[in-house]
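Source file: query_16.txt; contents: compact mmCIF, C-alpha atoms.
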```txt
# COMPACT_ATOMS: atom_id res chain seq x y z
CA MET A 168 83.53 109.58 96.54
CA THR A 169 83.47 109.58 92.74
CA ARG A 170 83.44 106.59 90.44
CA ILE A 171 85.63 107.14 87.41
CA ALA A 172 85.44 104.97 84.29
CA ALA A 173 87.96 104.84 81.45
CA ALA A 174 86.97 102.98 78.29
CA ALA A 175 88.89 100.66 75.99
CA ALA A 176 86.87 100.15 72.81
CA HIS A 177 87.07 100.13 69.02
CA PHE A 178 85.64 102.89 66.83
CA GLY A 179 85.70 103.40 63.07
CA ARG A 180 84.35 105.57 60.27
CA ASP A 181 80.70 104.56 60.71
CA LEU A 182 79.34 107.38 62.87
CA GLU A 183 76.04 105.62 63.51
CA PHE A 184 77.92 102.58 64.83
CA ASP A 185 80.19 104.80 66.90
CA LEU A 186 77.26 106.61 68.50
CA ALA A 187 75.59 103.30 69.35
CA ARG A 188 78.79 102.06 70.98
CA ILE A 189 79.14 105.31 72.93
CA ALA A 190 75.54 104.93 74.13
CA LYS A 191 76.30 101.37 75.30
CA LEU A 192 79.46 102.46 77.12
CA ILE A 193 77.61 105.31 78.81
CA ASP A 194 74.91 102.87 79.89
CA ASP A 195 77.52 100.41 81.19
CA ALA A 196 79.33 103.17 83.09
CA ARG A 197 76.05 104.39 84.57
CA LYS A 198 75.29 100.87 85.81
CA GLU A 199 78.71 100.92 87.50
CA GLY A 200 77.74 104.17 89.22
CA ALA A 201 80.31 106.25 87.35
CA GLY A 202 80.15 110.03 87.55
CA LEU A 203 82.89 110.44 84.92
CA LEU A 204 83.44 108.42 81.74
CA VAL A 205 86.49 109.02 79.55
CA LEU A 206 86.06 107.64 76.03
CA PRO A 207 88.94 107.17 73.56
CA ASP A 208 90.40 109.63 71.11
CA ALA A 209 88.55 109.55 67.77
CA ALA A 210 85.53 107.77 69.24
CA LEU A 211 83.38 109.67 66.74
CA GLY A 212 84.75 108.76 63.31
CA GLY A 213 87.78 106.63 64.11
CA TYR A 214 91.50 107.36 63.97
CA LEU A 215 93.95 107.36 61.07
CA ALA A 216 94.55 104.08 59.24
CA ASP A 217 98.21 104.91 58.58
CA LEU A 218 100.19 107.16 60.90
CA ARG A 219 103.21 107.51 58.64
CA HIS A 220 101.47 108.39 55.38
CA PRO A 221 97.78 109.21 55.98
CA ASP A 222 95.61 108.95 52.88
CA PRO A 223 94.11 112.44 52.38
CA ASP A 224 91.04 110.82 50.82
CA ALA A 225 90.40 108.52 53.79
CA LEU A 226 90.62 110.83 56.79
CA PRO A 227 88.12 110.73 59.68
CA PRO A 228 84.93 112.73 59.11
CA ALA A 229 85.30 116.28 60.44
CA LEU A 230 82.53 117.50 62.73
CA LYS A 231 81.71 121.09 63.62
CA PRO A 232 82.02 121.89 67.34
CA ASP A 233 78.22 122.16 67.53
CA ASP A 234 77.52 119.02 65.47
CA PRO A 235 74.28 117.25 66.46
CA LEU A 236 76.28 114.10 67.27
CA ILE A 237 78.06 115.94 70.07
CA ALA A 238 74.74 117.25 71.33
CA GLU A 239 73.46 113.66 71.32
CA VAL A 240 76.43 112.47 73.39
CA ALA A 241 75.60 115.24 75.87
CA ARG A 242 71.99 114.09 75.98
CA LEU A 243 73.08 110.50 76.58
CA ALA A 244 75.48 111.64 79.30
CA ALA A 245 72.65 113.29 81.27
CA GLU A 246 73.87 113.46 84.90
CA MET A 247 77.29 112.00 84.03
CA VAL A 248 80.38 113.82 82.76
CA VAL A 249 81.67 112.30 79.51
CA CYS A 250 84.86 113.09 77.58
CA VAL A 251 84.93 112.01 73.92
CA GLY A 252 87.37 112.45 71.03
CA TYR A 253 86.57 113.45 67.45
CA CYS A 254 87.99 115.22 64.40
CA GLU A 255 87.00 118.87 64.60
CA ASP A 256 86.14 120.92 61.54
CA GLY A 257 87.77 124.23 62.41
CA GLY A 258 86.71 125.96 59.21
CA GLY A 259 89.45 125.15 56.73
CA GLU A 260 91.58 123.36 59.33
CA ARG A 261 91.14 119.98 60.97
CA TYR A 262 91.99 119.28 64.60
CA ASN A 263 92.32 116.09 66.59
CA ALA A 264 89.98 117.24 69.34
CA ALA A 265 88.16 116.26 72.50
CA VAL A 266 85.05 117.63 74.13
CA CYS A 267 83.74 117.11 77.65
CA VAL A 268 79.95 117.16 78.05
CA SER A 269 77.10 116.48 80.41
CA GLY A 270 73.36 116.87 80.02
CA ASP A 271 73.91 120.57 80.65
CA GLY A 272 76.02 120.88 77.48
CA VAL A 273 79.71 121.43 76.75
CA LEU A 274 81.94 121.74 79.82
CA GLY A 275 85.33 121.94 78.13
CA ARG A 276 87.29 121.42 74.92
CA HIS A 277 90.82 120.54 73.86
CA ARG A 278 92.70 120.41 70.57
CA LYS A 279 95.69 118.07 70.50
CA VAL A 280 98.85 120.18 70.75
CA HIS A 281 101.62 117.65 70.09
CA LEU A 282 101.32 115.94 66.71
CA PRO A 283 103.62 113.05 65.76
CA ALA A 284 105.19 113.37 62.32
CA GLY A 285 102.48 111.62 60.25
CA GLU A 286 99.62 113.44 61.95
CA THR A 287 100.81 116.81 60.72
CA ALA A 288 99.52 115.83 57.26
CA ALA A 289 96.02 115.32 58.66
CA TYR A 290 95.63 117.82 61.51
CA THR A 291 96.56 121.30 62.66
CA PRO A 292 98.00 121.45 66.20
CA GLY A 293 96.18 123.13 69.05
CA ASP A 294 97.89 125.87 71.03
CA ARG A 295 96.80 125.70 74.68
CA PHE A 296 96.02 123.60 77.73
CA ASP A 297 93.08 124.73 79.85
CA ALA A 298 91.44 123.05 82.83
CA PHE A 299 87.71 123.49 83.43
CA ASP A 300 85.19 122.90 86.20
CA THR A 301 82.75 119.99 86.13
CA PRO A 302 80.37 118.38 88.63
CA VAL A 303 83.04 115.74 89.45
CA GLY A 304 85.95 118.18 89.85
CA ARG A 305 88.28 120.33 87.79
CA ILE A 306 89.40 118.42 84.68
CA GLY A 307 92.13 118.86 82.10
CA MET A 308 92.23 116.84 78.86
CA LEU A 309 95.19 115.40 76.95
CA ILE A 310 95.08 113.58 73.62
CA ASP A 311 97.51 110.78 72.70
CA TYR A 312 101.00 112.18 72.20
CA ASP A 313 100.26 115.15 74.49
CA LYS A 314 100.96 112.97 77.52
CA THR A 315 104.47 112.18 76.31
CA PHE A 316 105.40 115.74 77.27
CA PRO A 317 105.49 116.46 81.03
CA GLU A 318 104.77 120.13 80.36
CA SER A 319 101.30 119.25 79.07
CA ALA A 320 100.04 117.65 82.26
CA ARG A 321 101.95 120.13 84.41
CA SER A 322 100.24 123.06 82.65
CA LEU A 323 96.85 121.56 83.48
CA ALA A 324 97.82 120.81 87.08
CA LEU A 325 98.99 124.39 87.53
CA ASP A 326 95.60 125.47 86.18
CA GLY A 327 93.99 123.57 89.03
CA ALA A 328 93.16 120.27 87.32
CA GLU A 329 92.40 117.53 89.85
CA ILE A 330 91.68 114.94 87.16
CA LEU A 331 93.58 114.41 83.91
CA ALA A 332 91.44 112.81 81.21
CA CYS A 333 93.83 111.23 78.69
CA LEU A 334 92.03 110.20 75.50
CA SER A 335 94.07 108.00 73.18
CA ALA A 336 94.12 106.04 69.95
CA TRP A 337 97.54 104.65 70.89
CA PRO A 338 98.92 101.86 68.69
CA THR A 339 101.55 99.21 69.16
CA SER A 340 105.01 100.08 67.87
CA ILE A 341 104.93 100.86 64.17
CA THR A 342 108.65 100.32 63.58
CA ASN A 343 109.38 97.38 65.90
CA ARG A 344 106.19 95.49 66.72
CA ALA A 345 106.63 92.76 69.33
CA PRO A 346 105.14 89.26 68.83
CA ARG A 347 102.99 89.73 71.95
CA MET A 348 101.25 92.98 72.80
CA ALA A 349 102.35 92.83 76.44
CA GLN A 350 105.98 92.91 75.28
CA ASP A 351 105.49 95.83 72.92
CA ARG A 352 107.58 98.92 73.60
CA GLN A 353 104.58 101.20 73.22
CA ALA A 354 102.53 99.13 75.68
CA LYS A 355 105.20 99.74 78.32
CA LEU A 356 105.48 103.44 77.51
CA PHE A 357 101.70 103.92 77.55
CA ASP A 358 101.54 102.70 81.16
CA LEU A 359 104.71 104.56 82.13
CA TYR A 360 103.40 107.91 80.89
CA ASP A 361 100.04 107.43 82.61
CA GLN A 362 101.63 106.65 85.96
CA ALA A 363 104.32 109.34 85.70
CA ARG A 364 101.93 112.13 84.73
CA ALA A 365 99.67 111.28 87.69
CA ALA A 366 102.49 110.91 90.22
CA GLU A 367 104.56 113.94 89.25
CA ASN A 368 101.50 116.21 89.45
CA GLN A 369 99.81 114.32 92.31
CA VAL A 370 96.46 114.17 90.53
CA VAL A 371 94.01 111.47 89.46
CA LEU A 372 94.35 110.33 85.86
CA ALA A 373 91.81 108.48 83.69
CA SER A 374 93.33 106.99 80.52
CA SER A 375 91.16 105.64 77.71
CA ASN A 376 92.30 104.01 74.49
CA GLN A 377 91.08 102.37 71.33
CA THR A 378 91.25 98.61 70.80
CA GLY A 379 91.27 96.48 67.65
CA ALA A 380 92.82 97.61 64.38
CA MET A 381 92.37 100.14 61.61
CA GLY A 382 94.41 99.74 58.45
CA GLY A 383 97.95 99.00 59.58
CA MET A 384 97.32 100.31 63.11
CA ARG A 385 96.79 97.92 66.03
CA PHE A 386 95.61 99.65 69.20
CA LEU A 387 96.73 98.76 72.72
CA GLY A 388 93.65 99.12 74.90
CA GLN A 389 95.10 99.34 78.44
CA ALA A 390 92.49 101.78 79.76
CA LYS A 391 93.11 102.61 83.40
CA VAL A 392 92.49 104.86 86.38
CA VAL A 393 95.63 106.03 88.21
CA GLY A 394 95.81 107.55 91.67
CA PRO A 395 97.86 110.64 92.61
CA GLY A 396 100.66 108.42 93.91
CA GLY A 397 101.06 106.77 90.51
CA ASP A 398 99.32 103.54 91.54
CA ILE A 399 96.97 101.88 89.02
CA LEU A 400 93.56 101.58 90.68
CA ALA A 401 91.76 99.79 87.85
CA ARG A 402 92.64 98.65 84.33
CA THR A 403 91.35 96.70 81.32
CA TRP A 404 94.66 95.33 80.00
CA ALA A 405 94.39 94.82 76.22
CA LYS A 406 90.72 93.86 76.14
CA ALA A 407 87.77 96.11 75.48
CA GLY A 408 85.82 97.19 78.52
CA LEU A 409 85.72 99.71 81.35
CA ALA A 410 88.31 100.36 84.03
CA VAL A 411 86.30 101.65 87.01
CA ALA A 412 87.65 102.95 90.30
CA GLU A 413 85.99 104.75 93.20
CA VAL A 414 88.11 107.67 94.35
CA ASP A 415 87.75 110.35 96.99
CA ILE A 416 89.51 112.82 94.72
CA ALA A 417 90.13 115.66 97.15
CA ALA A 418 91.19 113.33 99.97
CA GLU A 419 93.55 111.29 97.79
CA ILE A 420 95.20 114.39 96.36
CA GLU A 421 95.61 115.88 99.82
CA ARG A 422 97.09 112.61 101.11
CA ALA A 423 99.60 112.54 98.24
CA ARG A 424 100.58 116.17 98.89
CA ARG A 425 100.67 115.96 102.69
CA VAL A 426 104.48 115.98 102.92
CA LEU A 427 105.77 116.60 99.40
CA ARG A 428 103.81 119.15 97.39
CA HIS A 429 105.37 118.99 93.95
CA LEU A 430 103.57 121.97 92.45
CA ASP A 431 104.48 124.22 95.39
CA GLU A 432 108.08 123.07 95.53
CA ARG A 433 108.97 123.82 91.93
CA ARG A 434 111.70 126.38 91.24
CA PRO A 435 110.62 127.95 87.94
CA ALA A 436 113.42 130.53 87.92
CA THR A 437 115.98 127.73 87.55
CA TYR A 438 114.30 126.07 84.57
CA ARG A 439 114.93 127.15 81.02
CA ASP A 440 114.39 125.99 77.48
CA HIS A 441 117.71 125.25 75.80
CA ARG A 442 116.72 127.65 73.03
CA GLU A 443 116.89 130.46 75.59
CA ALA A 444 120.42 129.53 76.68
CA ALA A 445 123.30 131.84 75.84
CA PRO A 446 125.35 130.68 72.82
```

Take the structure in this file and express it as structure tokens.
Amino acid sequence: MTRIAAAAAHFGRDLEFDLARIAKLIDDARKEGAGLLVLPDAALGGYLADLRHPDPDALPPALKPDDPLIAEVARLAAEMVVCVGYCEDGGGERYNAAVCVSGDGVLGRHRKVHLPAGETAAYTPGDRFDAFDTPVGRIGMLIDYDKTFPESARSLALDGAEILACLSAWPTSITNRAPRMAQDRQAKLFDLYDQARAAENQVVLASSNQTGAMGGMRFLGQAKVVGPGGDILARTWAKAGLAVAEVDIAAEIERARRVLRHLDERRPATYRDHREAAP
């Protein structure tokens, strides 16, 4: 059995503050017996303050892949596996990135592939989805908008991912904000995508998110752990905190796939991108 924790918490531009909050969340997850902790996107440095027109002079601090802050998160993680989001300095290009670490060092990395319109002014898109082995199982990471696209999670599942770590800084609707967060269109979609990506691939999914506000952005929270049948096993709703669930990962995946094995029953030869269709 593995205890999985997904965090809902606020992070900003103050890296010292962010690291202290990460240390507290790691400590809280450890007290809960968690083997895996998924922290939000942009936990080191905060997210954009304006998604439509990002201020080029107020972007998150860009960290090198070997930045000492990432090494410190690995040290804090120790025996745990921790996924954390940050802005990566790619040498002339910036990426919305995530890294998965333990006390042994870096276990895996991901650069956000799907960028919504405003983000293209701040980041360069990544170009791949790769799963990787960890002490708690084979993990694949998605960042924010990545999980809107079924192909993202499916690519990771086909690469053997048993757990999808979805790191988000997901806001309420920018164009049509509801008076109550629970009624917001994006709040409903956030849950829908989490449950669909888990169920269609029959894997465990841990979804973290930011809370609070930055500039004009108001973040949803709604961290959760979802089982391979699409059922929500634990959640935080809109408040900050940890969603923690104990899961026998291999047994739950096997139970979900006992009769219907979605990955095996695909028919790739019948699928095509419309751009490949004859005129």

Which stretch 173-285 of chain A residues have any atom within 9 Å of an atom of stretch 400-405 of chain A, and for each, what is the nearest pair of atoms with distance in Å to one decimal, counting all atoms listed in the file, rows sorted by chain and number, as CSV?
```
residue,atom,partner,partner_atom,distance
A:Ala173,CA,A:Arg402,CA,8.3
A:Ala174,CA,A:Thr403,CA,8.2
A:Ala175,CA,A:Thr403,CA,7.1
```

For this session: Just give me the gap between atom CA of A:Leu309 and atom CA of A:Gly213 in Å, one decimal is fine.
Result: 17.2 Å

For this session: Pick out the closest residue to A:Gly327 from this set: A:Glu413, A:Asp194, A:Glu246, A:Asp300. Count all atoms listed in the file.
Result: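 Closest to A:Gly327, using all atoms listed in the file: A:Asp300.
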
Exercise. Suppose you want the space between atom CA of A:Ala209 and atom CA of A:Ala345; what is it in Å?
Worked result: 24.7 Å

Exercise. What is the distance, in Å and to one decimal place, between atom CA of A:Ala187 and atom CA of A:Leu236?
Worked result: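 So the two atoms, atom CA of A:Ala187 and atom CA of A:Leu236, lie 11.0 Å apart.
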
Exercise. So, counting all atoms listed in the file, which residue among A:Gly396, A:Gly307, A:Gly408, A:Gly252 is closest to A:Leu331?
Worked result: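 With all atoms listed in the file as the atom set, the closest residue is A:Gly307.
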
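Taking only C-alpha atoms, the non-local environment of stretch 179-182 of chain A within 6 Å (same-chain residues fewer than 2 positions away omitted) comprises Phe184, Asp185, Gly212 and Gly213 of chain A.
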
Keeping C-alpha atoms, export the residues of the selection given above as an mmCIF file, in the coordinates of the input.
```
data_model
loop_
_atom_site.group_PDB
_atom_site.id
_atom_site.type_symbol
_atom_site.label_atom_id
_atom_site.label_comp_id
_atom_site.auth_asym_id
_atom_site.auth_seq_id
_atom_site.Cartn_x
_atom_site.Cartn_y
_atom_site.Cartn_z
ATOM 1 C CA PHE A 184 77.920 102.580 64.830
ATOM 2 C CA ASP A 185 80.190 104.800 66.900
ATOM 3 C CA GLY A 212 84.750 108.760 63.310
ATOM 4 C CA GLY A 213 87.780 106.630 64.110
#
```

Exercise. Which of these, A:Ser340, A:Gln369, A:Asn263, A:Gln362, has the shortest distance to A:Arg385 once you count only C-alpha atoms?
Worked result: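 Checking each of A:Ser340, A:Gln369, A:Asn263, A:Gln362 against A:Arg385, counting only C-alpha atoms, the winner is A:Ser340.
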
Problem set entry | Surrounding residues of A:Ala332 excluding itself and chain neighbours under 6 positions, 9 Å, only C-alpha atoms, as a list in words |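 My reading of the contact set: Ala173, Val205, Cys250, Ile306, Gly307, Met308, Leu309, Ile310, Val371, Leu372, Ala373, Ser374 and Ser375 of chain A.
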
Dump as a PDB file, in the coordinates of the input, selection limited to C-alpha atoms:
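Everything below was put into again.pdb:
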```
ATOM      1  CA  ALA A 173      87.960 104.840  81.450  1.00  0.00           C
ATOM      2  CA  VAL A 205      86.490 109.020  79.550  1.00  0.00           C
ATOM      3  CA  CYS A 250      84.860 113.090  77.580  1.00  0.00           C
ATOM      4  CA  ILE A 306      89.400 118.420  84.680  1.00  0.00           C
ATOM      5  CA  GLY A 307      92.130 118.860  82.100  1.00  0.00           C
ATOM      6  CA  MET A 308      92.230 116.840  78.860  1.00  0.00           C
ATOM      7  CA  LEU A 309      95.190 115.400  76.950  1.00  0.00           C
ATOM      8  CA  ILE A 310      95.080 113.580  73.620  1.00  0.00           C
ATOM      9  CA  VAL A 371      94.010 111.470  89.460  1.00  0.00           C
ATOM     10  CA  LEU A 372      94.350 110.330  85.860  1.00  0.00           C
ATOM     11  CA  ALA A 373      91.810 108.480  83.690  1.00  0.00           C
ATOM     12  CA  SER A 374      93.330 106.990  80.520  1.00  0.00           C
ATOM     13  CA  SER A 375      91.160 105.640  77.710  1.00  0.00           C
TER      14      SER A 375
END
```

Exercise. Using all atoms listed in the file, which residues sit within 12 Å of A:Ala201 once same-chain residues fewer than 5 positions away are excluded, as a list in words?
Worked result: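 Close residues of A:Ala201: Met168, Thr169, Arg170, Ile171, Ala172, Ala173, Ala174, Leu192, Ile193, Asp194, Asp195, Ala196, Ala244, Glu246, Met247, Val248, Val249, Val303, Leu409, Ala410, Val411, Ala412, Glu413 and Val414 of chain A.
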
Seminar exercise, completed: Between A:Met381, A:Leu203, A:Cys267, A:Val393, smallest distance to A:Ala216 by all atoms listed in the file belongs to A:Met381

Residues near stretch 318-326 of chain A, anyone? I mean within 7 Å using only C-alpha atoms, not counting same-chain ones fewer than 5 positions away, as an mmCIF file with C-alpha atoms, in the frame of the given file.
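Written output follows (result-v3.cif):
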```cif
data_model
loop_
_atom_site.group_PDB
_atom_site.id
_atom_site.type_symbol
_atom_site.label_atom_id
_atom_site.label_comp_id
_atom_site.auth_asym_id
_atom_site.auth_seq_id
_atom_site.Cartn_x
_atom_site.Cartn_y
_atom_site.Cartn_z
ATOM 1 C CA PHE A 296 96.020 123.600 77.730
ATOM 2 C CA ASP A 297 93.080 124.730 79.850
ATOM 3 C CA ALA A 298 91.440 123.050 82.830
ATOM 4 C CA GLY A 307 92.130 118.860 82.100
ATOM 5 C CA ASP A 313 100.260 115.150 74.490
ATOM 6 C CA ARG A 364 101.930 112.130 84.730
ATOM 7 C CA ASN A 368 101.500 116.210 89.450
#
```

Can we get stretch 336-374 of chain A of that structure written down with C-alpha atoms, as a compact mmCIF listing (two decimals), in the first residue's frame?
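As written to disk, selection_6.txt reads:
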```txt
# COMPACT_ATOMS: atom_id res chain seq x y z
CA ALA A 336 -1.80 26.54 -11.14
CA TRP A 337 -5.38 26.37 -12.43
CA PRO A 338 -7.50 29.51 -12.03
CA THR A 339 -11.19 30.20 -12.02
CA SER A 340 -12.68 31.26 -15.35
CA ILE A 341 -11.01 34.40 -16.65
CA THR A 342 -13.81 35.34 -19.06
CA ASN A 343 -16.91 34.32 -17.09
CA ARG A 344 -16.13 34.09 -13.38
CA ALA A 345 -18.98 32.70 -11.29
CA PRO A 346 -20.05 34.37 -8.01
CA ARG A 347 -19.17 31.19 -6.09
CA MET A 348 -16.10 29.11 -6.84
CA ALA A 349 -18.05 25.85 -6.70
CA GLN A 350 -20.20 27.09 -9.58
CA ASP A 351 -17.27 28.18 -11.72
CA ARG A 352 -16.95 26.51 -15.11
CA GLN A 353 -13.24 25.86 -14.59
CA ALA A 354 -13.88 24.24 -11.20
CA LYS A 355 -16.14 21.70 -12.91
CA LEU A 356 -13.71 21.10 -15.76
CA PHE A 357 -10.76 20.68 -13.39
CA ASP A 358 -12.52 17.78 -11.65
CA LEU A 359 -13.83 16.35 -14.92
CA TYR A 360 -10.37 16.20 -16.51
CA ASP A 361 -8.83 14.60 -13.42
CA GLN A 362 -11.45 11.87 -13.27
CA ALA A 363 -11.54 11.26 -17.03
CA ARG A 364 -7.76 11.00 -17.42
CA ALA A 365 -7.60 8.45 -14.58
CA ALA A 366 -10.58 6.39 -15.77
CA GLU A 367 -9.78 6.28 -19.48
CA ASN A 368 -6.23 5.09 -18.77
CA GLN A 369 -7.12 3.04 -15.68
CA VAL A 370 -4.33 4.57 -13.59
CA VAL A 371 -4.03 6.43 -10.29
CA LEU A 372 -3.93 10.21 -10.58
CA ALA A 373 -2.70 12.77 -8.04
CA SER A 374 -3.78 16.34 -8.83
```
